[in-house]
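Okay, data_20.cif is below, mmCIF, C-alpha atoms and all ligand atoms:
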```
data_coords
loop_
_atom_site.label_atom_id
_atom_site.label_comp_id
_atom_site.auth_asym_id
_atom_site.auth_seq_id
_atom_site.Cartn_x
_atom_site.Cartn_y
_atom_site.Cartn_z
CA MET A 1 2.51 -36.94 -38.08
CA LYS A 2 0.27 -35.31 -35.55
CA LEU A 3 2.03 -34.24 -32.37
CA ALA A 4 0.46 -35.19 -29.10
CA LEU A 5 0.24 -31.85 -27.29
CA ASN A 6 0.12 -31.28 -23.58
CA PRO A 7 -3.64 -31.34 -23.04
CA LEU A 8 -3.44 -28.89 -20.13
CA LEU A 9 -1.83 -26.28 -22.36
CA ALA A 10 -3.96 -27.11 -25.38
CA ALA A 11 -7.08 -26.46 -23.30
CA VAL A 12 -6.00 -22.89 -22.48
CA ALA A 13 -7.71 -20.23 -24.62
CA PRO A 14 -5.51 -18.19 -27.01
CA PRO A 15 -4.04 -14.91 -25.69
CA PRO A 16 -7.03 -12.55 -25.30
CA ILE A 17 -5.41 -9.23 -26.28
CA ALA A 18 -4.42 -10.67 -29.66
CA GLU A 19 -8.02 -11.75 -30.19
CA ALA A 20 -9.35 -8.27 -29.46
CA HIS A 21 -6.84 -6.71 -31.83
CA SER A 22 -7.98 -9.09 -34.56
CA TRP A 23 -11.41 -7.40 -34.42
CA ILE A 24 -9.95 -4.22 -35.92
CA GLU A 25 -7.24 -5.75 -38.09
CA GLY A 26 -6.94 -4.03 -41.44
CA ARG A 27 -9.57 -1.41 -40.62
CA ARG A 28 -9.00 2.29 -41.26
CA PHE A 29 -10.62 4.83 -39.02
CA PRO A 30 -11.91 8.19 -40.25
CA ALA A 31 -10.37 11.38 -38.86
CA GLU A 32 -13.73 12.45 -37.41
CA LYS A 33 -14.11 9.16 -35.51
CA PRO A 34 -10.65 7.78 -34.77
CA LEU A 35 -10.12 4.54 -32.93
CA ILE A 36 -10.24 4.88 -29.15
CA ASP A 37 -8.16 1.93 -28.03
CA VAL A 38 -8.86 1.12 -24.41
CA ALA A 39 -8.04 -2.58 -24.81
CA GLN A 40 -4.44 -3.06 -23.77
CA ALA A 41 -2.73 -1.45 -20.81
CA VAL A 42 0.35 0.03 -22.41
CA PRO A 43 1.59 3.55 -21.76
CA GLY A 44 0.57 5.78 -24.66
CA TYR A 45 3.81 7.77 -24.34
CA PRO A 46 7.36 6.53 -25.07
CA PRO A 47 10.22 6.25 -22.56
CA PRO A 48 12.03 9.59 -22.16
CA PRO A 49 14.95 10.32 -24.51
CA ALA A 50 17.32 10.48 -21.52
CA LEU A 51 16.66 6.77 -20.95
CA THR A 52 17.04 5.70 -24.56
CA ASP A 53 20.16 7.90 -24.99
CA HIS A 54 21.65 6.18 -21.95
CA LEU A 55 20.94 2.75 -23.43
CA ALA A 56 22.36 3.78 -26.80
CA ALA A 57 25.56 4.85 -25.06
CA ILE A 58 26.04 1.55 -23.23
CA VAL A 59 24.71 -0.99 -25.71
CA GLY A 60 28.11 -1.35 -27.42
CA GLU A 61 30.00 -2.21 -24.24
CA ALA A 62 31.00 -5.84 -24.01
CA ALA A 63 29.54 -6.15 -20.52
CA SER A 64 26.09 -5.08 -21.79
CA ALA A 65 25.83 -8.27 -23.82
CA ARG A 66 26.51 -10.67 -20.95
CA TYR A 67 24.27 -12.64 -18.66
CA THR A 68 23.68 -11.12 -15.26
CA ASP A 69 23.45 -12.93 -11.94
CA ILE A 70 20.44 -15.23 -11.93
CA LEU A 71 18.41 -12.97 -9.66
CA GLY A 72 19.56 -9.82 -11.40
CA LEU A 73 22.23 -7.13 -11.36
CA PRO A 74 23.24 -6.40 -7.75
CA ALA A 75 22.93 -2.66 -8.48
CA LEU A 76 19.31 -3.10 -9.56
CA ARG A 77 18.41 -5.32 -6.64
CA ALA A 78 19.85 -2.71 -4.29
CA ALA A 79 18.21 0.22 -6.09
CA LEU A 80 14.82 -1.45 -6.10
CA ALA A 81 15.13 -2.45 -2.45
CA ARG A 82 15.77 1.24 -1.63
CA ASP A 83 12.95 2.45 -3.87
CA MET A 84 10.48 -0.04 -2.39
CA GLY A 85 11.67 0.68 1.14
CA ASP A 86 11.06 4.42 0.64
CA PHE A 87 7.68 3.81 -0.95
CA TYR A 88 6.39 1.55 1.84
CA GLY A 89 8.33 3.11 4.71
CA ALA A 90 10.00 -0.20 5.53
CA ALA A 91 13.39 -1.86 5.50
CA ILE A 92 13.80 -4.06 2.42
CA ALA A 93 17.20 -5.59 1.61
CA ALA A 94 18.78 -6.19 -1.79
CA GLU A 95 18.78 -9.93 -0.94
CA ASP A 96 14.96 -9.83 -0.68
CA VAL A 97 14.72 -8.82 -4.35
CA GLY A 98 14.80 -11.02 -7.44
CA ILE A 99 14.72 -9.48 -10.92
CA THR A 100 12.65 -11.24 -13.58
CA ALA A 101 11.74 -10.88 -17.24
CA GLY A 102 8.62 -8.87 -16.43
CA CYS A 103 6.02 -9.27 -13.73
CA ASN A 104 4.38 -12.13 -15.63
CA GLN A 105 7.55 -14.17 -15.28
CA ALA A 106 7.80 -13.17 -11.63
CA PHE A 107 4.28 -14.55 -11.15
CA CYS A 108 4.93 -17.79 -13.01
CA LEU A 109 8.21 -18.50 -11.23
CA ALA A 110 6.82 -17.63 -7.80
CA LEU A 111 3.78 -19.83 -8.32
CA LEU A 112 5.97 -22.59 -9.72
CA ALA A 113 7.86 -22.44 -6.44
CA LEU A 114 4.67 -22.44 -4.38
CA ALA A 115 2.24 -24.90 -5.92
CA ARG A 116 2.11 -28.00 -8.09
CA ALA A 117 -0.55 -29.83 -10.06
CA GLY A 118 -3.56 -30.76 -7.97
CA GLU A 119 -2.94 -28.05 -5.38
CA GLU A 120 -5.08 -24.96 -4.98
CA VAL A 121 -4.60 -21.21 -5.11
CA ILE A 122 -7.22 -18.61 -4.19
CA LEU A 123 -7.83 -16.07 -6.95
CA PRO A 124 -10.41 -13.27 -6.83
CA LEU A 125 -12.84 -12.73 -9.72
CA PRO A 126 -12.46 -11.06 -12.10
CA TYR A 127 -8.87 -12.17 -12.58
CA TYR A 128 -5.92 -11.03 -14.70
CA PHE A 129 -6.21 -13.68 -17.42
CA ASN A 130 -2.55 -14.69 -17.50
CA HIS A 131 -2.78 -15.73 -13.84
CA GLN A 132 -5.61 -18.15 -14.60
CA MET A 133 -3.81 -19.33 -17.74
CA TRP A 134 -0.74 -20.24 -15.69
CA PHE A 135 -2.83 -22.26 -13.24
CA ASP A 136 -4.63 -24.07 -16.04
CA MET A 137 -1.45 -25.02 -17.87
CA GLN A 138 0.12 -26.23 -14.62
CA GLY A 139 -2.88 -28.24 -13.45
CA ILE A 140 -3.21 -26.00 -10.39
CA ILE A 141 -6.78 -25.45 -9.26
CA ALA A 142 -7.84 -21.81 -8.96
CA ARG A 143 -10.47 -21.37 -6.26
CA HIS A 144 -12.27 -18.17 -7.20
CA LEU A 145 -13.35 -15.51 -4.76
CA PRO A 146 -16.68 -14.00 -5.81
CA PHE A 147 -16.67 -10.56 -7.42
CA ARG A 148 -18.02 -7.97 -5.00
CA PRO A 149 -19.30 -5.02 -7.05
CA GLU A 150 -21.07 -3.75 -3.91
CA ARG A 151 -17.63 -3.38 -2.27
CA GLY A 152 -16.32 -1.45 -5.31
CA GLY A 153 -14.69 -4.65 -6.52
CA VAL A 154 -12.66 -5.17 -3.33
CA PRO A 155 -12.59 -8.90 -2.45
CA ASP A 156 -13.66 -10.04 0.99
CA PRO A 157 -11.02 -11.76 3.18
CA ALA A 158 -13.83 -13.76 4.83
CA ASP A 159 -14.61 -15.32 1.44
CA ALA A 160 -10.95 -16.37 1.19
CA ALA A 161 -10.90 -17.85 4.68
CA ALA A 162 -13.94 -19.96 3.78
CA LEU A 163 -12.18 -21.47 0.73
CA ILE A 164 -8.99 -22.59 2.47
CA GLY A 165 -8.46 -26.33 2.64
CA PRO A 166 -5.55 -28.74 3.03
CA LYS A 167 -4.47 -28.25 -0.61
CA THR A 168 -4.45 -24.44 -0.57
CA ARG A 169 -0.99 -22.94 -1.08
CA ALA A 170 -1.48 -19.24 -1.78
CA ILE A 171 -3.84 -16.30 -2.08
CA VAL A 172 -3.28 -14.00 -5.05
CA LEU A 173 -4.23 -10.31 -5.01
CA VAL A 174 -3.74 -7.70 -7.72
CA THR A 175 -3.92 -4.17 -6.38
CA PRO A 176 -4.46 -1.71 -7.99
CA ASN A 177 -6.53 -4.28 -9.81
CA ASN A 178 -6.51 -5.40 -13.38
CA PRO A 179 -9.23 -5.51 -14.72
CA THR A 180 -11.38 -3.49 -12.30
CA GLY A 181 -9.01 -0.65 -11.37
CA ALA A 182 -10.09 -1.17 -7.74
CA ILE A 183 -7.55 -0.16 -5.13
CA TYR A 184 -7.77 -2.41 -2.11
CA PRO A 185 -7.66 -0.49 1.19
CA PRO A 186 -4.60 -1.17 3.38
CA ALA A 187 -6.83 -2.63 6.12
CA VAL A 188 -8.29 -5.19 3.71
CA ILE A 189 -4.84 -6.14 2.42
CA ALA A 190 -3.73 -6.55 6.04
CA GLU A 191 -6.69 -8.85 6.71
CA PHE A 192 -5.73 -11.01 3.73
CA PHE A 193 -2.19 -11.13 5.09
CA ASP A 194 -3.50 -12.30 8.48
CA VAL A 195 -5.62 -15.00 6.87
CA ALA A 196 -2.64 -16.20 4.81
CA ARG A 197 -0.27 -16.13 7.79
CA ARG A 198 -2.71 -18.00 10.04
CA HIS A 199 -2.88 -20.83 7.50
CA ASP A 200 0.81 -20.83 6.45
CA LEU A 201 -0.08 -19.71 2.93
CA ALA A 202 1.75 -17.27 0.70
CA LEU A 203 0.05 -13.95 0.04
CA VAL A 204 1.08 -13.04 -3.51
CA VAL A 205 0.44 -9.36 -4.23
CA ASP A 206 0.89 -8.15 -7.80
CA GLU A 207 1.53 -4.39 -7.66
CA THR A 208 2.18 -3.74 -11.35
CA TYR A 209 0.13 -0.51 -11.15
CA ARG A 210 1.56 0.78 -7.89
CA ASP A 211 2.99 3.89 -9.52
CA PHE A 212 -0.39 5.10 -10.72
CA LEU A 213 -2.26 5.29 -7.42
CA PRO A 214 -4.59 8.27 -7.09
CA THR A 215 -3.09 9.34 -3.74
CA ASP A 216 0.38 9.44 -2.21
CA GLU A 217 -0.38 7.16 0.74
CA ALA A 218 1.48 3.84 0.97
CA PRO A 219 -0.85 1.17 -0.42
CA HIS A 220 -0.22 -1.22 2.47
CA GLY A 221 1.95 -1.77 5.50
CA LEU A 222 2.86 -5.41 4.92
CA PHE A 223 6.62 -4.84 4.69
CA ALA A 224 6.53 -3.54 8.24
CA GLU A 225 4.91 -6.75 9.56
CA PRO A 226 7.34 -8.81 11.61
CA GLY A 227 8.18 -11.99 9.73
CA TRP A 228 6.69 -10.73 6.42
CA ARG A 229 9.22 -12.86 4.54
CA ASP A 230 7.37 -16.01 5.68
CA THR A 231 4.12 -14.92 4.04
CA LEU A 232 4.41 -12.05 1.57
CA VAL A 233 5.43 -12.43 -2.08
CA GLN A 234 5.33 -9.02 -3.74
CA LEU A 235 5.46 -8.69 -7.52
CA TYR A 236 6.25 -5.57 -9.50
CA SER A 237 6.74 -4.46 -13.08
CA PHE A 238 8.98 -1.87 -14.68
CA SER A 239 6.88 -2.11 -17.84
CA LYS A 240 4.37 0.63 -17.24
CA VAL A 241 6.23 2.99 -14.97
CA TYR A 242 9.21 3.54 -17.29
CA CYS A 243 7.49 2.44 -20.54
CA LEU A 244 9.67 -0.65 -20.85
CA THR A 245 7.06 -3.23 -21.87
CA GLY A 246 9.31 -4.70 -24.55
CA TYR A 247 12.45 -4.71 -22.41
CA ARG A 248 10.91 -7.30 -20.09
CA VAL A 249 11.86 -6.43 -16.57
CA GLY A 250 9.98 -6.98 -13.35
CA SER A 251 10.65 -8.22 -9.83
CA VAL A 252 9.69 -10.45 -6.97
CA ILE A 253 10.31 -9.62 -3.32
CA ALA A 254 10.12 -12.59 -0.97
CA GLY A 255 11.88 -14.52 1.76
CA PRO A 256 15.18 -16.36 1.13
CA ALA A 257 13.72 -19.88 0.92
CA LEU A 258 11.28 -18.95 -1.82
CA LEU A 259 13.85 -16.86 -3.71
CA ALA A 260 16.27 -19.80 -3.73
CA GLU A 261 13.62 -21.93 -5.48
CA ILE A 262 12.75 -19.10 -7.87
CA ALA A 263 16.46 -18.84 -8.77
CA LYS A 264 16.49 -22.50 -9.85
CA ALA A 265 13.47 -21.93 -12.04
CA MET A 266 14.90 -18.70 -13.47
CA ASP A 267 18.22 -20.36 -14.28
CA THR A 268 16.39 -23.09 -16.16
CA VAL A 269 13.92 -20.91 -18.02
CA ALA A 270 15.93 -17.82 -18.95
CA ILE A 271 19.18 -17.77 -16.90
CA CYS A 272 18.45 -14.13 -16.09
CA ALA A 273 16.22 -11.24 -17.06
CA PRO A 274 17.44 -9.32 -20.16
CA ARG A 275 20.44 -7.25 -19.14
CA LEU A 276 19.54 -4.14 -21.13
CA GLY A 277 16.12 -4.13 -19.51
CA GLN A 278 17.78 -4.30 -16.12
CA MET A 279 20.07 -1.42 -17.01
CA ALA A 280 17.09 0.59 -18.18
CA ALA A 281 15.37 -0.12 -14.87
CA ILE A 282 18.41 1.07 -12.88
CA TYR A 283 18.46 4.26 -14.91
CA GLY A 284 14.75 4.71 -14.29
CA ILE A 285 15.05 4.37 -10.53
CA GLU A 286 18.12 6.58 -10.31
CA HIS A 287 17.25 9.33 -12.78
CA LEU A 288 13.58 9.38 -13.66
CA GLN A 289 11.77 10.03 -10.43
CA GLU A 290 10.47 13.42 -11.51
CA TRP A 291 9.36 11.97 -14.81
CA ARG A 292 7.61 9.15 -12.94
CA GLN A 293 5.79 11.65 -10.73
CA GLY A 294 4.74 13.60 -13.82
CA ASN A 295 3.15 10.46 -15.26
CA THR A 296 1.42 9.70 -11.98
CA ALA A 297 -0.09 13.18 -12.13
CA LEU A 298 -1.06 12.65 -15.78
CA MET A 299 -2.87 9.43 -14.85
CA ARG A 300 -4.66 11.13 -12.00
CA GLY A 301 -5.85 13.75 -14.48
CA ARG A 302 -7.08 11.04 -16.83
CA LEU A 303 -8.97 9.31 -14.03
CA ALA A 304 -10.66 12.57 -13.01
CA ALA A 305 -11.56 13.30 -16.66
CA LEU A 306 -12.98 9.80 -17.07
CA ARG A 307 -15.15 10.12 -13.97
CA THR A 308 -16.48 13.50 -15.10
CA SER A 309 -17.18 12.30 -18.63
CA LEU A 310 -18.91 9.11 -17.53
CA GLY A 311 -21.09 11.15 -15.18
CA ARG A 312 -23.53 12.03 -17.97
CA ASN A 313 -27.11 10.88 -17.36
CA ASP A 314 -27.67 9.19 -20.70
CA LEU A 315 -24.52 7.01 -20.56
CA GLY A 316 -26.39 3.72 -20.21
CA TYR A 317 -23.15 2.10 -19.13
CA ARG A 318 -22.41 2.27 -15.38
CA LEU A 319 -19.08 2.67 -13.65
CA VAL A 320 -18.51 -0.13 -11.11
CA SER A 321 -14.96 0.76 -10.16
CA ALA A 322 -12.06 2.84 -11.42
CA GLY A 323 -8.63 3.53 -10.06
CA ALA A 324 -5.18 3.12 -11.46
CA TYR A 325 -5.17 2.49 -15.21
CA PHE A 326 -8.51 0.67 -15.49
CA ALA A 327 -12.23 1.16 -15.14
CA TYR A 328 -14.82 -1.62 -15.03
CA LEU A 329 -18.25 -0.85 -16.43
CA THR A 330 -21.56 -2.68 -16.63
CA HIS A 331 -23.18 -2.55 -20.03
CA PRO A 332 -26.88 -1.74 -20.39
CA PHE A 333 -27.98 -4.78 -22.42
CA ASP A 334 -29.60 -7.41 -20.21
CA GLY A 335 -28.43 -10.92 -21.03
CA ARG A 336 -26.22 -9.88 -23.97
CA PRO A 337 -22.79 -11.53 -23.87
CA ALA A 338 -19.98 -9.09 -23.13
CA ALA A 339 -18.01 -10.17 -26.21
CA GLN A 340 -20.97 -9.24 -28.42
CA VAL A 341 -21.19 -5.84 -26.73
CA ALA A 342 -17.45 -5.23 -27.12
CA ARG A 343 -17.53 -6.35 -30.74
CA ARG A 344 -20.29 -3.92 -31.67
CA LEU A 345 -18.51 -1.09 -29.88
CA ALA A 346 -15.46 -1.84 -32.01
CA ASP A 347 -17.42 -2.20 -35.24
CA GLU A 348 -19.74 0.78 -34.91
CA GLN A 349 -18.24 3.16 -32.36
CA ASN A 350 -14.54 2.57 -33.07
CA VAL A 351 -13.98 1.87 -29.38
CA LEU A 352 -11.84 -1.16 -28.56
CA ALA A 353 -12.53 -2.36 -25.00
CA LEU A 354 -12.26 -5.84 -23.55
CA PRO A 355 -15.28 -7.91 -22.57
CA GLY A 356 -15.54 -8.95 -18.92
CA SER A 357 -15.78 -12.56 -20.08
CA MET A 358 -12.01 -12.46 -20.73
CA PHE A 359 -11.53 -12.03 -16.99
CA GLY A 360 -13.41 -15.03 -15.71
CA PRO A 361 -16.81 -16.64 -15.28
CA GLY A 362 -19.83 -14.51 -14.37
CA GLN A 363 -18.40 -11.38 -16.00
CA GLU A 364 -20.79 -11.12 -18.97
CA GLU A 365 -22.29 -7.85 -17.71
CA PHE A 366 -18.96 -6.03 -17.70
CA LEU A 367 -16.40 -4.33 -19.92
CA ARG A 368 -12.85 -3.32 -19.03
CA VAL A 369 -11.68 0.09 -20.13
CA ALA A 370 -7.91 0.70 -19.98
CA PHE A 371 -8.44 4.45 -19.79
CA ALA A 372 -4.77 5.17 -19.09
CA ASN A 373 -4.14 4.88 -22.83
CA VAL A 374 -6.42 7.83 -23.60
CA ASP A 375 -5.76 11.56 -23.29
CA ALA A 376 -7.99 13.38 -20.82
CA ALA A 377 -9.23 15.45 -23.77
CA ALA A 378 -10.62 12.32 -25.47
CA MET A 379 -12.71 11.15 -22.48
CA PRO A 380 -15.85 13.10 -23.54
CA ALA A 381 -15.68 11.39 -26.96
CA LEU A 382 -15.40 8.01 -25.25
CA ALA A 383 -18.48 8.79 -23.15
CA GLU A 384 -20.32 10.11 -26.20
CA ARG A 385 -19.74 6.88 -28.09
CA LEU A 386 -20.77 4.70 -25.16
CA ALA A 387 -23.98 6.74 -24.85
CA ALA A 388 -24.61 6.38 -28.61
CA ASP A 389 -24.17 2.63 -28.31
CA ALA A 390 -26.52 2.43 -25.33
CA ALA A 391 -29.15 4.47 -27.20
CA ARG A 392 -28.97 2.05 -30.13
CA GLY A 393 -30.29 -0.69 -27.79
C1 LIG B 401 -1.72 -7.36 -13.14
C2 LIG B 401 -0.62 -7.48 -14.13
N1 LIG B 401 0.46 -8.19 -13.82
C3 LIG B 401 1.47 -8.32 -14.69
C4 LIG B 401 1.43 -7.74 -15.93
C5 LIG B 401 2.56 -7.94 -16.88
O1 LIG B 401 3.61 -7.13 -16.56
P1 LIG B 401 5.04 -7.33 -17.26
O2 LIG B 401 5.00 -6.57 -18.54
O3 LIG B 401 5.99 -6.74 -16.28
O4 LIG B 401 5.23 -8.79 -17.45
C6 LIG B 401 0.33 -6.96 -16.30
C7 LIG B 401 0.28 -6.33 -17.62
O5 LIG B 401 -0.72 -6.00 -18.18
C8 LIG B 401 -0.73 -6.85 -15.37
O6 LIG B 401 -1.82 -6.17 -15.68
#
```

Could you render the structure from this file as structure tokens?
Amino acid sequence: MKLALNPLLAAVAPPPIAEAHSWIEGRRFPAEKPLIDVAQAVPGYPPPPALTDHLAAIVGEAASARYTDILGLPALRAALARDMGDFYGAAIAAEDVGITAGCNQAFCLALLALARAGEEVILPLPYYFNHQMWFDMQGIIARHLPFRPERGGVPDPADAAALIGPKTRAIVLVTPNNPTGAIYPPAVIAEFFDVARRHDLALVVDETYRDFLPTDEAPHGLFAEPGWRDTLVQLYSFSKVYCLTGYRVGSVIAGPALLAEIAKAMDTVAICAPRLGQMAAIYGIEHLQEWRQGNTALMRGRLAALRTSLGRNDLGYRLVSAGAYFAYLTHPFDGRPAAQVARRLADEQNVLALPGSMFGPGQEEFLRVAFANVDAAAMPALAERLAADAARG
């Protein structure tokens, strides 16, 4: 018997990272030209032993095996509220925080609470593919903001204002951005907030890469806006900052009405985020701040090394934007599909990068480089191989 599948879900493309990894499956790479994997954004270093020792010590306790409250352990909600409040210089309460199984789940549950099939959400190009995938499988219409390479990849709030109609429910921003690495200036984020507030829309801001900003300034002042709980939905991930990608823990900060709806969805989907992940996150916030700062510094070093290495005249590829974790490049081959370019880089240069086409329409000129995975010392080799590929024509 052939099952009748949900056509909305069946029409969604398979997960893109898995596809890129299939390009190198089974291949061995020579010592003189090892694989440079700039495809997936995962920290190249493990969590610190202090964190894993702590988990090993508590995993046997009966309480560690139990569900938590639907919106997370009170201690984690309080710790994150404090951490966020310090970071943004604002007062955030534990009740404003919901803990989720990763930022992806935070996004899905928040958008489930905000929009239904046939309604619209504004999403800048290029997008983080899982955001578009969620909209497609839900029958929500993504209205795309045009990519603005001339603004360093920072979307224009005026473009968003022009797209708003009676069915619009939210504007989604990712800053620092995946895939472009662009860091949206606080003034631009504030303008988006004003546009959203004026039209009674949610402004959903995914700040997964917040801990890898190149400067110490607060990325925006939205938590200090009076009435922010009526507009702002802030999403965060513990995955990258404490190397907990497999523990699945993230968060959503929002007003009480939205959180109450998210709690219903969370209860139905997963009951709660994994408890051990939550305990790891508490430990991270309470004990790993120096370690976190060390990694921020490491990432800043990698960004500087990338910029220097890509500065060579014969690169062929051109840097459009770079910031936290990612860089977005144009390739030098007019009219050649990005997937073909990425495939040849993998086959011949042993460089695994993602084609822009995975991040939305009109992105065939671009490649995403998750440079955070690569040691500063390997950046010249990355540039060398890009230049060799460009010279090949
Ligand atoms: C913008 C963005 N949001 C969310 C996620 C997923 O985060 P999590 O592992 O917390 O689900 C990623 C991971 O790559 C991301 O790039």

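Around ligand LIG 401 (chain B), the neighbouring residues within 7 Å, taking all atoms listed in the file, come to Ala41, Ala101, Gly102, Cys103, Asn104, Gln105, Tyr128, Val174, Asn177, Asn178, Asp206, Thr208, Tyr236, Ser237, Phe238, Ser239, Thr245, Arg248, Val249 and Gly250 of chain A.
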
Would you output that residue set with C-alpha atoms, as an mmCIF file, in the coordinates of the input?
```
data_model
loop_
_atom_site.group_PDB
_atom_site.id
_atom_site.type_symbol
_atom_site.label_atom_id
_atom_site.label_comp_id
_atom_site.auth_asym_id
_atom_site.auth_seq_id
_atom_site.Cartn_x
_atom_site.Cartn_y
_atom_site.Cartn_z
ATOM 1 C CA ALA A 41 -2.730 -1.450 -20.810
ATOM 2 C CA ALA A 101 11.740 -10.880 -17.240
ATOM 3 C CA GLY A 102 8.620 -8.870 -16.430
ATOM 4 C CA CYS A 103 6.020 -9.270 -13.730
ATOM 5 C CA ASN A 104 4.380 -12.130 -15.630
ATOM 6 C CA GLN A 105 7.550 -14.170 -15.280
ATOM 7 C CA TYR A 128 -5.920 -11.030 -14.700
ATOM 8 C CA VAL A 174 -3.740 -7.700 -7.720
ATOM 9 C CA ASN A 177 -6.530 -4.280 -9.810
ATOM 10 C CA ASN A 178 -6.510 -5.400 -13.380
ATOM 11 C CA ASP A 206 0.890 -8.150 -7.800
ATOM 12 C CA THR A 208 2.180 -3.740 -11.350
ATOM 13 C CA TYR A 236 6.250 -5.570 -9.500
ATOM 14 C CA SER A 237 6.740 -4.460 -13.080
ATOM 15 C CA PHE A 238 8.980 -1.870 -14.680
ATOM 16 C CA SER A 239 6.880 -2.110 -17.840
ATOM 17 C CA THR A 245 7.060 -3.230 -21.870
ATOM 18 C CA ARG A 248 10.910 -7.300 -20.090
ATOM 19 C CA VAL A 249 11.860 -6.430 -16.570
ATOM 20 C CA GLY A 250 9.980 -6.980 -13.350
#
```

Using all atoms listed in the file, find the one residue out of A:Leu145, A:Ala383, A:Leu51, A:Val38 that sits nearest to Arg312 of chain A.
A:Ala383

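Residue nearest Leu352 of chain A, chosen from A:Gly26, A:Pro34, A:Gly323, A:Pro48 and counting all atoms listed in the file: A:Pro34.
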
Distance query segment 84-88 of chain A at most 12 Å, only C-alpha atoms, self and fewer than 2 positions along chain excluded, as number ranges by chain
A: 76-82, 90-94, 96-97, 186, 207, 210-211, 213, 216-225, 234-236, 251-253, 285

Give me, as an mmCIF file with C-alpha atoms, keeping the file's coordinate frame, all polymer residues having an atom no more than 10 Å from Ala346 of chain A, counting only C-alpha atoms and skipping those fewer than 6 positions away in the same chain.
```cif
data_model
loop_
_atom_site.group_PDB
_atom_site.id
_atom_site.type_symbol
_atom_site.label_atom_id
_atom_site.label_comp_id
_atom_site.auth_asym_id
_atom_site.auth_seq_id
_atom_site.Cartn_x
_atom_site.Cartn_y
_atom_site.Cartn_z
ATOM 1 C CA ALA A 20 -9.350 -8.270 -29.460
ATOM 2 C CA HIS A 21 -6.840 -6.710 -31.830
ATOM 3 C CA TRP A 23 -11.410 -7.400 -34.420
ATOM 4 C CA ILE A 24 -9.950 -4.220 -35.920
ATOM 5 C CA LEU A 35 -10.120 4.540 -32.930
ATOM 6 C CA ILE A 36 -10.240 4.880 -29.150
ATOM 7 C CA ASP A 37 -8.160 1.930 -28.030
ATOM 8 C CA GLN A 340 -20.970 -9.240 -28.420
ATOM 9 C CA LEU A 352 -11.840 -1.160 -28.560
ATOM 10 C CA ALA A 353 -12.530 -2.360 -25.000
ATOM 11 C CA LEU A 354 -12.260 -5.840 -23.550
#
```

Residues near Leu258 of chain A, anyone? I mean within 9 Å using only C-alpha atoms, not counting same-chain ones fewer than 5 positions away, as JSON, numbers by chain.
{"A": [110, 113, 114, 230, 233, 263]}

Return as lines of an AutoDock Vina configuration file the centre and edge lengths, in Å with one decimal, of the box along x, y and z that encloses every atom of segment 229-240 of chain A in the file, padded by 8 Å per side.
```
center_x = 6.7
center_y = -7.7
center_z = -6.1
size_x = 21.1
size_y = 32.6
size_z = 39.5
```

One decimal, in Å: what's the spacing between atom CA of Pro176 of chain A and atom CA of Val12 of chain A?
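Between atom CA of Pro176 of chain A and atom CA of Val12 of chain A the gap works out to 25.7 Å.
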
Please indicate the distance in Å from atom CA of Leu203 of chain A to atom CA of Ile171 of chain A, rounded to one decimal place.
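Here the two named atoms are 5.0 Å from each other.
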
Contact residues around segment 297-300 of chain A with all atoms listed in the file at 12 Å, ignoring same-chain residues under 2 positions, as a compact mmCIF listing (two decimals) with C-alpha atoms, in the frame of the given file:
```
# COMPACT_ATOMS: atom_id res chain seq x y z
CA PRO A 43 1.59 3.55 -21.76
CA GLY A 44 0.57 5.78 -24.66
CA TYR A 45 3.81 7.77 -24.34
CA TYR A 209 0.13 -0.51 -11.15
CA ARG A 210 1.56 0.78 -7.89
CA ASP A 211 2.99 3.89 -9.52
CA PHE A 212 -0.39 5.10 -10.72
CA LEU A 213 -2.26 5.29 -7.42
CA PRO A 214 -4.59 8.27 -7.09
CA THR A 215 -3.09 9.34 -3.74
CA ASP A 216 0.38 9.44 -2.21
CA LYS A 240 4.37 0.63 -17.24
CA VAL A 241 6.23 2.99 -14.97
CA GLU A 290 10.47 13.42 -11.51
CA TRP A 291 9.36 11.97 -14.81
CA ARG A 292 7.61 9.15 -12.94
CA GLN A 293 5.79 11.65 -10.73
CA GLY A 294 4.74 13.60 -13.82
CA ASN A 295 3.15 10.46 -15.26
CA ARG A 302 -7.08 11.04 -16.83
CA LEU A 303 -8.97 9.31 -14.03
CA ALA A 304 -10.66 12.57 -13.01
CA ALA A 305 -11.56 13.30 -16.66
CA LEU A 306 -12.98 9.80 -17.07
CA ARG A 307 -15.15 10.12 -13.97
CA ALA A 322 -12.06 2.84 -11.42
CA GLY A 323 -8.63 3.53 -10.06
CA ALA A 324 -5.18 3.12 -11.46
CA TYR A 325 -5.17 2.49 -15.21
CA PHE A 326 -8.51 0.67 -15.49
CA ALA A 370 -7.91 0.70 -19.98
CA PHE A 371 -8.44 4.45 -19.79
CA ALA A 372 -4.77 5.17 -19.09
CA ASN A 373 -4.14 4.88 -22.83
CA VAL A 374 -6.42 7.83 -23.60
CA ASP A 375 -5.76 11.56 -23.29
CA ALA A 376 -7.99 13.38 -20.82
CA ALA A 377 -9.23 15.45 -23.77
```

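For the pair atom CA of Ile99 of chain A and atom CA of Ala273 of chain A, the separation is 6.6 Å.
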
Find the spatial neighbours of Ala57 of chain A, counting all atoms listed in the file, within a cut-off of 12 Å - ignore same-chain residues fewer than 6 positions away - and output them as a PyMOL selection string.
chain A and resi 49-51+64+276+279-280

Give as a count of residues only each residue that has an atom at most 9 Å from (-10.9, -22.5, 0.1) in the file, counting only C-alpha atoms.
16

Can you work out which one of A:Ala158, A:Leu109, A:Ile17, A:Thr296 has the shortest atom-to-atom distance to Ala270 of chain A, counting only C-alpha atoms?
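Ranked by minimum distance to Ala270 of chain A, first place goes to A:Leu109.
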